[in-house]
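Asker: So here's query07.txt, just compact mmCIF, C-alpha atoms:
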# COMPACT_ATOMS: atom_id res chain seq x y z
CA MET A 1 43.78 83.68 109.24
CA ILE A 2 45.22 85.87 106.49
CA PHE A 3 46.32 88.40 109.11
CA TYR A 4 48.12 85.75 111.17
CA THR A 5 49.73 84.35 108.03
CA ILE A 6 51.14 87.74 107.08
CA ILE A 7 52.34 88.29 110.66
CA ALA A 8 54.11 84.91 110.67
CA ILE A 9 55.89 85.62 107.38
CA VAL A 10 56.94 89.12 108.42
CA ILE A 11 58.20 87.89 111.80
CA GLY A 12 60.08 85.08 110.07
CA TYR A 13 61.79 87.51 107.72
CA LEU A 14 62.67 89.97 110.50
CA LEU A 15 64.05 87.20 112.71
CA GLY A 16 66.14 85.92 109.84
CA SER A 17 67.42 89.44 109.19
CA ILE A 18 69.07 89.70 112.62
CA PRO A 19 72.76 89.66 111.58
CA PHE A 20 74.36 87.80 114.47
CA ALA A 21 77.67 87.25 112.63
CA TYR A 22 77.89 90.94 111.78
CA ILE A 23 77.06 91.96 115.36
CA ALA A 24 79.64 89.52 116.75
CA GLY A 25 82.31 90.88 114.44
CA ARG A 26 81.62 94.45 115.44
CA LEU A 27 81.55 93.65 119.15
CA LYS A 28 84.55 91.31 119.29
CA LYS A 29 87.04 92.66 116.77
CA VAL A 30 85.34 95.78 115.42
CA VAL A 31 85.36 94.28 111.92
CA ASP A 32 82.71 93.89 109.26
CA ILE A 33 82.58 90.12 108.79
CA ARG A 34 81.60 90.74 105.17
CA GLN A 35 84.96 92.41 104.54
CA VAL A 36 87.23 89.63 105.82
CA GLY A 37 87.93 86.04 104.86
CA GLY A 38 85.47 84.73 102.32
CA GLY A 39 83.28 87.78 102.75
CA ASN A 40 80.28 85.73 103.81
CA MET A 41 78.15 86.87 106.75
CA GLY A 42 77.87 83.39 108.16
CA VAL A 43 79.00 80.99 110.83
CA LEU A 44 81.93 79.44 108.98
CA ASN A 45 83.52 82.78 108.16
CA THR A 46 82.95 83.92 111.75
CA ILE A 47 84.67 80.85 113.19
CA ARG A 48 87.64 81.21 110.85
CA GLN A 49 88.11 84.95 111.11
CA ILE A 50 87.09 85.70 114.71
CA GLY A 51 87.37 82.34 116.42
CA PRO A 52 85.31 79.34 117.58
CA ALA A 53 84.46 81.02 120.91
CA VAL A 54 82.46 83.58 118.93
CA GLY A 55 81.54 81.48 115.92
CA PHE A 56 79.76 78.68 117.74
CA PRO A 57 77.41 81.01 119.67
CA VAL A 58 76.65 82.64 116.29
CA LEU A 59 75.85 79.15 114.97
CA VAL A 60 73.40 78.57 117.82
CA ALA A 61 71.81 82.00 117.32
CA ASP A 62 71.43 81.56 113.54
CA ILE A 63 69.90 78.10 113.98
CA ALA A 64 67.61 79.47 116.69
CA LYS A 65 66.20 82.27 114.55
CA GLY A 66 65.15 79.77 111.86
CA ALA A 67 63.58 77.47 114.44
CA VAL A 68 61.81 80.28 116.30
CA ALA A 69 60.28 81.55 113.04
CA VAL A 70 58.67 78.13 112.54
CA LEU A 71 57.58 77.82 116.17
CA ILE A 72 55.90 81.24 116.10
CA ALA A 73 54.10 80.32 112.89
CA ARG A 74 52.86 77.14 114.55
CA TRP A 75 51.77 79.07 117.62
CA LEU A 76 49.73 81.35 115.36
CA ASP A 77 47.97 78.17 114.20
CA ILE A 78 48.27 78.81 110.47
CA SER A 79 48.20 76.04 107.87
CA LEU A 80 51.27 73.90 107.24
CA ILE A 81 52.05 75.37 103.84
CA TRP A 82 52.24 78.86 105.35
CA ILE A 83 54.39 77.57 108.21
CA PHE A 84 56.76 76.39 105.50
CA VAL A 85 56.64 79.84 103.89
CA ALA A 86 57.37 81.54 107.23
CA GLY A 87 60.40 79.29 107.68
CA PHE A 88 61.61 80.11 104.20
CA ALA A 89 61.11 83.81 104.98
CA ALA A 90 63.62 83.45 107.84
CA ILE A 91 66.18 82.04 105.39
CA VAL A 92 65.48 84.85 102.94
CA GLY A 93 65.92 87.33 105.80
CA HIS A 94 69.32 85.87 106.64
CA ASN A 95 70.45 85.99 103.02
CA TRP A 96 69.03 89.44 102.28
CA PRO A 97 68.64 91.21 105.66
CA VAL A 98 66.76 94.48 105.70
CA PHE A 99 69.05 95.73 108.47
CA LEU A 100 72.19 95.46 106.31
CA LYS A 101 70.95 96.73 102.96
CA PHE A 102 70.03 93.19 101.87
CA ARG A 103 73.60 91.88 101.95
CA GLY A 104 73.73 88.79 104.12
CA GLY A 105 74.98 85.22 104.23
CA LYS A 106 74.24 81.96 102.48
CA GLY A 107 71.61 80.71 104.94
CA ALA A 108 72.96 77.30 105.97
CA ALA A 109 72.50 77.70 109.74
CA ALA A 110 69.09 79.35 109.38
CA THR A 111 68.06 76.47 107.09
CA LEU A 112 69.16 73.95 109.72
CA GLY A 113 67.05 75.81 112.28
CA VAL A 114 63.95 75.74 110.11
CA LEU A 115 64.41 72.04 109.38
CA ALA A 116 65.13 71.27 113.04
CA ALA A 117 61.79 72.78 114.09
CA LEU A 118 59.91 70.93 111.35
CA PHE A 119 61.71 67.57 111.23
CA PRO A 120 63.67 67.19 114.50
CA ILE A 121 64.28 63.44 114.42
CA GLU A 122 65.04 63.41 110.71
CA LEU A 123 67.48 66.30 111.04
CA VAL A 124 69.31 64.64 113.93
CA ILE A 125 70.07 61.72 111.60
CA SER A 126 71.05 64.09 108.79
CA PHE A 127 73.17 66.16 111.18
CA GLY A 128 74.99 63.00 112.24
CA ILE A 129 75.97 62.49 108.60
CA ILE A 130 77.15 66.10 108.43
CA ILE A 131 79.38 65.65 111.50
CA VAL A 132 80.95 62.46 110.13
CA VAL A 133 81.73 64.07 106.78
CA VAL A 134 83.20 67.17 108.48
CA ILE A 135 85.48 65.00 110.63
CA ILE A 136 86.67 63.03 107.60
CA THR A 137 87.08 65.88 105.11
CA SER A 138 87.20 69.11 107.20
CA ASN A 139 84.93 70.44 104.46
CA VAL A 140 81.86 71.99 106.09
CA ARG A 141 80.14 73.04 102.85
CA LEU A 142 80.47 69.56 101.37
CA ALA A 143 79.27 67.99 104.63
CA ILE A 144 76.13 70.13 104.73
CA PHE A 145 75.41 69.34 101.09
CA ILE A 146 75.76 65.59 101.65
CA GLY A 147 73.86 65.56 104.94
CA LEU A 148 70.92 67.55 103.60
CA ALA A 149 70.90 65.51 100.39
CA PHE A 150 69.90 62.53 102.53
CA LEU A 151 67.23 64.46 104.42
CA PRO A 152 64.32 63.98 101.94
CA ILE A 153 65.03 60.24 101.92
CA ILE A 154 65.03 60.16 105.71
CA VAL A 155 61.77 62.16 105.85
CA TRP A 156 60.26 59.74 103.34
CA ARG A 157 61.45 56.65 105.23
CA LEU A 158 60.00 58.01 108.47
CA ASN A 159 56.62 58.41 106.77
CA GLY A 160 56.69 62.13 106.09
CA SER A 161 53.93 63.60 103.96
CA GLY A 162 54.49 64.42 100.31
CA ILE A 163 54.62 68.13 101.01
CA SER A 164 57.14 67.58 103.82
CA ILE A 165 59.37 65.53 101.52
CA ALA A 166 59.13 68.23 98.85
CA TYR A 167 60.01 70.97 101.35
CA SER A 168 62.95 69.01 102.78
CA LEU A 169 64.21 68.74 99.19
CA ALA A 170 63.49 72.32 98.15
CA LEU A 171 65.43 74.01 100.97
CA PRO A 172 68.73 72.18 100.28
CA ILE A 173 68.33 72.92 96.56
CA PHE A 174 67.86 76.61 97.36
CA LEU A 175 70.89 76.47 99.65
CA GLY A 176 72.95 74.87 96.90
CA LEU A 177 71.92 77.48 94.33
CA ARG A 178 72.80 80.23 96.79
CA ALA A 179 76.29 78.76 97.24
CA LEU A 180 76.82 78.20 93.52
CA THR A 181 78.72 81.45 93.01
CA ASP A 182 81.25 80.45 95.68
CA PHE A 183 81.68 77.06 94.04
CA GLN A 184 82.25 78.61 90.62
CA ARG A 185 84.80 81.02 92.11
CA ASP A 186 86.66 78.20 93.85
CA MET A 187 86.79 76.20 90.61
CA ASN A 188 88.76 79.05 89.07
CA VAL A 189 91.41 78.99 91.82
CA ASN A 190 93.81 76.06 91.61
CA GLU A 191 94.45 75.76 95.36
CA LYS A 192 90.74 76.00 96.14
CA ARG A 193 89.95 73.42 93.48
CA LYS A 194 92.31 70.94 95.16
CA GLY A 195 90.36 71.34 98.39
CA LEU A 196 86.86 70.80 97.03
CA ILE A 197 86.62 67.39 98.74
CA PHE A 198 89.26 67.42 101.47
CA ASP A 199 89.95 70.85 102.91
CA LYS A 200 93.73 71.22 102.84
CA GLU A 201 93.72 74.59 104.59
CA TYR A 202 91.65 74.04 107.76
CA HIS A 203 91.27 71.38 110.44
CA PHE A 204 87.80 69.91 110.88
CA TRP A 205 87.24 72.32 113.79
CA GLN A 206 88.00 75.11 111.27
CA THR A 207 91.20 76.60 112.61
CA ARG A 208 93.89 77.12 109.98
CA LYS A 209 96.46 74.33 109.69
CA GLY A 210 99.95 75.27 110.77
CA LYS A 211 98.75 77.55 113.55
Show how you would write the structure in this file as structure tokens.

Answerer:
Amino acid sequence: MIFYTIIAIVIGYLLGSIPFAYIAGRLKKVVDIRQVGGGNMGVLNTIRQIGPAVGFPVLVADIAKGAVAVLIARWLDISLIWIFVAGFAAIVGHNWPVFLKFRGGKGAAATLGVLAALFPIELVISFGIIIVVVIITSNVRLAIFIGLAFLPIIVWRLNGSGISIAYSLALPIFLGLRALTDFQRDMNVNEKRKGLIFDKEYHFWQTRKGK
């Protein structure tokens, strides 16, 4: 059991470390996604800097690697707590990938993948909230924060266990802490501060306004 647990965690981390946004940038525009736009190796920066046709497949791939990490851990038949750890390892891998000298993204899509594999019905409801907020505000970061803030309540209302509720709370908190530096930076820029609720720069599908 210990052997399988270690395997699950290592596989989770290595899956998370696959830098799909970086690969897409190199293949499509021969750019390092970490050197353009907001500098984040994630889906949102990929959509904005390279385009939705590339960004949305990256979204699917990043979600998939989080989900697959959980599914492999389940297939190895390890205990639930270690399945949770394997899922978290995938998020850690995305944020600090071994393949890119530990410089990765913020982990939102990988987090959604982990949660989708663990709480599919609950996340569908939460994801619906995210979509509504994105359409209203064009602010993806805010939408994810609000949608995932409701997730522990949804898990609780659908009779999730105490440990499941705690995990569905812990991952969004970790995601928020990871994004805190971006928030602090935006608060120091007047134009960014004006767009903290309603994004004045991008449409809800994340192409720049005026283009």

Asker: Identify, on the basis of all atoms listed in the file, every residue whose closest approach to A:Gly42 does not exceed 9 Å; exclude the query and any residue fewer than 6 positions from it along the same chain; express the result as a list in words.

Answerer: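 Near neighbours after the sequence-gap exclusion: Pro19, Phe20, Ala21, Tyr22, Ile33, Arg34, Gly55, Val58, Leu59, Asp62, Gly104, Gly105, Lys106, Gly107, Ala108 and Ala109 of chain A.
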
Asker: To one decimal place, how far is atom CA of A:Leu27 from atom CA of A:Val43 in Å?

Answerer: 15.4 Å

Asker: Find the residue from A:Thr5, A:Thr181, A:Thr207, A:Thr137 that sits nearest to A:Val70; use only C-alpha atoms when measuring.

Answerer: A:Thr5

Asker: Just want the 12 Å neighbourhood of A:Ala143, counted on all atoms listed in the file, with same-chain residues fewer than 4 positions away dropped. Output as an NGL selection string.

Answerer: :A and (108 or 126-139 or 147-150 or 196-199 or 204)

Asker: List as a ChimeraX atom specification the protein and nucleic acid residues near A:Leu169, meaning an atom at most 9 Å away when all atoms listed in the file are counted, but skip any in the same chain fewer than 2 places from it.

Answerer: /A:148-149,151-153,164-167,171-174

Asker: Atom CA of A:Val155 to atom CA of A:Val140: how many Å, to one decimal?

Answerer: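 Between atom CA of A:Val155 and atom CA of A:Val140 the gap is 22.4 Å.
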
Asker: Do you have the atom CA of A:Ser168-atom CA of A:Leu14 distance handy?

Answerer: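 Distance reported for this atom pair: 22.3 Å.
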
Asker: Pick out the closest residue to A:Ile9 from this set: A:Leu80, A:Ala90, A:Ile63, A:Val54. Count all atoms listed in the file.

Answerer: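 Answer, going by the shortest atom-to-atom distance: A:Ala90.
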
Asker: Pull out stretch 45-173 of chain A, keep C-alpha atoms, and write it as an mmCIF file, in the first residue's frame.

Answerer:
data_model
loop_
_atom_site.group_PDB
_atom_site.id
_atom_site.type_symbol
_atom_site.label_atom_id
_atom_site.label_comp_id
_atom_site.auth_asym_id
_atom_site.auth_seq_id
_atom_site.Cartn_x
_atom_site.Cartn_y
_atom_site.Cartn_z
ATOM 1 C CA ASN A 45 -2.723 34.016 -20.415
ATOM 2 C CA THR A 46 -2.660 31.499 -23.273
ATOM 3 C CA ILE A 47 -6.105 32.530 -24.508
ATOM 4 C CA ARG A 48 -5.237 36.221 -24.351
ATOM 5 C CA GLN A 49 -1.766 36.046 -25.852
ATOM 6 C CA ILE A 50 -2.052 33.191 -28.360
ATOM 7 C CA GLY A 51 -5.780 32.901 -28.941
ATOM 8 C CA PRO A 52 -8.871 30.903 -27.919
ATOM 9 C CA ALA A 53 -8.199 28.227 -30.565
ATOM 10 C CA VAL A 54 -5.067 27.306 -28.620
ATOM 11 C CA GLY A 55 -6.130 28.382 -25.150
ATOM 12 C CA PHE A 56 -9.242 26.237 -24.858
ATOM 13 C CA PRO A 57 -7.449 22.979 -25.764
ATOM 14 C CA VAL A 58 -4.864 23.941 -23.116
ATOM 15 C CA LEU A 59 -7.762 24.381 -20.674
ATOM 16 C CA VAL A 60 -9.018 20.874 -21.451
ATOM 17 C CA ALA A 61 -5.507 19.416 -21.136
ATOM 18 C CA ASP A 62 -4.806 21.152 -17.808
ATOM 19 C CA ILE A 63 -8.148 20.033 -16.379
ATOM 20 C CA ALA A 64 -7.507 16.512 -17.662
ATOM 21 C CA LYS A 65 -4.135 16.148 -15.967
ATOM 22 C CA GLY A 66 -5.668 16.982 -12.582
ATOM 23 C CA ALA A 67 -8.543 14.567 -13.145
ATOM 24 C CA VAL A 68 -6.309 11.766 -14.435
ATOM 25 C CA ALA A 69 -4.051 12.070 -11.374
ATOM 26 C CA VAL A 70 -7.077 11.379 -9.158
ATOM 27 C CA LEU A 71 -8.382 8.568 -11.363
ATOM 28 C CA ILE A 72 -5.003 6.806 -11.343
ATOM 29 C CA ALA A 73 -4.840 7.103 -7.561
ATOM 30 C CA ARG A 74 -8.297 5.554 -7.335
ATOM 31 C CA TRP A 75 -7.294 2.779 -9.718
ATOM 32 C CA LEU A 76 -4.344 2.004 -7.446
ATOM 33 C CA ASP A 77 -6.944 1.515 -4.689
ATOM 34 C CA ILE A 78 -5.249 3.679 -2.067
ATOM 35 C CA SER A 79 -7.128 5.322 0.802
ATOM 36 C CA LEU A 80 -9.155 8.479 0.228
ATOM 37 C CA ILE A 81 -6.796 10.774 2.093
ATOM 38 C CA TRP A 82 -3.917 9.725 -0.171
ATOM 39 C CA ILE A 83 -6.106 10.162 -3.248
ATOM 40 C CA PHE A 84 -6.566 13.729 -2.052
ATOM 41 C CA VAL A 85 -2.795 14.085 -1.657
ATOM 42 C CA ALA A 86 -2.199 12.724 -5.177
ATOM 43 C CA GLY A 87 -4.642 15.285 -6.554
ATOM 44 C CA PHE A 88 -2.903 18.055 -4.674
ATOM 45 C CA ALA A 89 0.426 16.791 -6.036
ATOM 46 C CA ALA A 90 -0.897 17.417 -9.568
ATOM 47 C CA ILE A 91 -1.665 21.029 -8.626
ATOM 48 C CA VAL A 92 1.782 21.421 -7.068
ATOM 49 C CA GLY A 93 3.282 19.988 -10.265
ATOM 50 C CA HIS A 94 1.453 22.557 -12.372
ATOM 51 C CA ASN A 95 2.568 25.423 -10.141
ATOM 52 C CA TRP A 96 6.160 24.224 -9.735
ATOM 53 C CA PRO A 97 6.875 21.898 -12.698
ATOM 54 C CA VAL A 98 10.091 19.913 -12.608
ATOM 55 C CA PHE A 99 10.345 20.217 -16.394
ATOM 56 C CA LEU A 100 10.545 24.036 -16.312
ATOM 57 C CA LYS A 101 12.813 24.629 -13.322
ATOM 58 C CA PHE A 102 9.799 24.845 -10.989
ATOM 59 C CA ARG A 103 8.327 27.946 -12.621
ATOM 60 C CA GLY A 104 4.739 27.262 -13.563
ATOM 61 C CA GLY A 105 1.230 28.664 -13.347
ATOM 62 C CA LYS A 106 -1.329 29.354 -10.653
ATOM 63 C CA GLY A 107 -3.095 25.979 -10.842
ATOM 64 C CA ALA A 108 -6.731 26.954 -11.447
ATOM 65 C CA ALA A 109 -7.432 24.521 -14.309
ATOM 66 C CA ALA A 110 -5.564 21.659 -12.625
ATOM 67 C CA THR A 111 -7.577 22.345 -9.462
ATOM 68 C CA LEU A 112 -10.813 22.161 -11.446
ATOM 69 C CA GLY A 113 -9.681 18.811 -12.847
ATOM 70 C CA VAL A 114 -8.937 17.375 -9.423
ATOM 71 C CA LEU A 115 -12.285 18.579 -8.080
ATOM 72 C CA ALA A 116 -14.131 17.318 -11.164
ATOM 73 C CA ALA A 117 -12.814 13.792 -10.601
ATOM 74 C CA LEU A 118 -13.674 13.880 -6.899
ATOM 75 C CA PHE A 119 -16.943 15.845 -6.857
ATOM 76 C CA PRO A 120 -18.367 15.794 -10.409
ATOM 77 C CA ILE A 121 -21.957 16.782 -9.644
ATOM 78 C CA GLU A 122 -20.941 19.395 -7.094
ATOM 79 C CA LEU A 123 -18.414 20.933 -9.472
ATOM 80 C CA VAL A 124 -20.946 21.119 -12.307
ATOM 81 C CA ILE A 125 -23.088 23.338 -10.063
ATOM 82 C CA SER A 126 -20.055 25.375 -9.019
ATOM 83 C CA PHE A 127 -18.900 25.651 -12.629
ATOM 84 C CA GLY A 128 -22.328 26.977 -13.588
ATOM 85 C CA ILE A 129 -21.802 29.796 -11.084
ATOM 86 C CA ILE A 130 -18.371 30.463 -12.585
ATOM 87 C CA ILE A 131 -19.819 30.744 -16.107
ATOM 88 C CA VAL A 132 -22.555 33.155 -14.993
ATOM 89 C CA VAL A 133 -20.069 35.414 -13.197
ATOM 90 C CA VAL A 134 -17.693 35.379 -16.194
ATOM 91 C CA ILE A 135 -20.520 36.404 -18.545
ATOM 92 C CA ILE A 136 -21.580 39.238 -16.234
ATOM 93 C CA THR A 137 -18.145 40.575 -15.271
ATOM 94 C CA SER A 138 -15.689 39.195 -17.889
ATOM 95 C CA ASN A 139 -13.485 38.591 -14.839
ATOM 96 C CA VAL A 140 -12.318 34.967 -14.906
ATOM 97 C CA ARG A 141 -10.274 35.132 -11.692
ATOM 98 C CA LEU A 142 -13.178 36.596 -9.736
ATOM 99 C CA ALA A 143 -15.560 34.035 -11.238
ATOM 100 C CA ILE A 144 -13.382 31.103 -10.210
ATOM 101 C CA PHE A 145 -13.022 32.529 -6.705
ATOM 102 C CA ILE A 146 -16.791 32.956 -6.309
ATOM 103 C CA GLY A 147 -17.681 29.610 -7.884
ATOM 104 C CA LEU A 148 -15.220 27.635 -5.776
ATOM 105 C CA ALA A 149 -16.230 29.563 -2.651
ATOM 106 C CA PHE A 150 -19.646 27.930 -2.990
ATOM 107 C CA LEU A 151 -18.213 24.454 -3.578
ATOM 108 C CA PRO A 152 -17.784 23.394 0.100
ATOM 109 C CA ILE A 153 -21.382 24.434 0.760
ATOM 110 C CA ILE A 154 -22.570 22.417 -2.228
ATOM 111 C CA VAL A 155 -20.524 19.385 -1.126
ATOM 112 C CA TRP A 156 -22.013 19.730 2.356
ATOM 113 C CA ARG A 157 -25.582 20.079 1.065
ATOM 114 C CA LEU A 158 -25.160 16.982 -1.102
ATOM 115 C CA ASN A 159 -24.090 15.008 1.973
ATOM 116 C CA GLY A 160 -20.349 14.996 1.450
ATOM 117 C CA SER A 161 -18.167 13.645 4.229
ATOM 118 C CA GLY A 162 -16.348 15.960 6.599
ATOM 119 C CA ILE A 163 -13.013 15.269 4.946
ATOM 120 C CA SER A 164 -14.502 15.954 1.505
ATOM 121 C CA ILE A 165 -15.910 19.282 2.685
ATOM 122 C CA ALA A 166 -12.530 20.194 4.191
ATOM 123 C CA TYR A 167 -10.699 19.283 0.975
ATOM 124 C CA SER A 168 -13.152 21.219 -1.209
ATOM 125 C CA LEU A 169 -12.427 24.214 1.034
ATOM 126 C CA ALA A 170 -8.662 23.747 1.259
ATOM 127 C CA LEU A 171 -7.983 23.680 -2.490
ATOM 128 C CA PRO A 172 -9.710 27.025 -3.230
ATOM 129 C CA ILE A 173 -7.887 28.584 -0.267
#
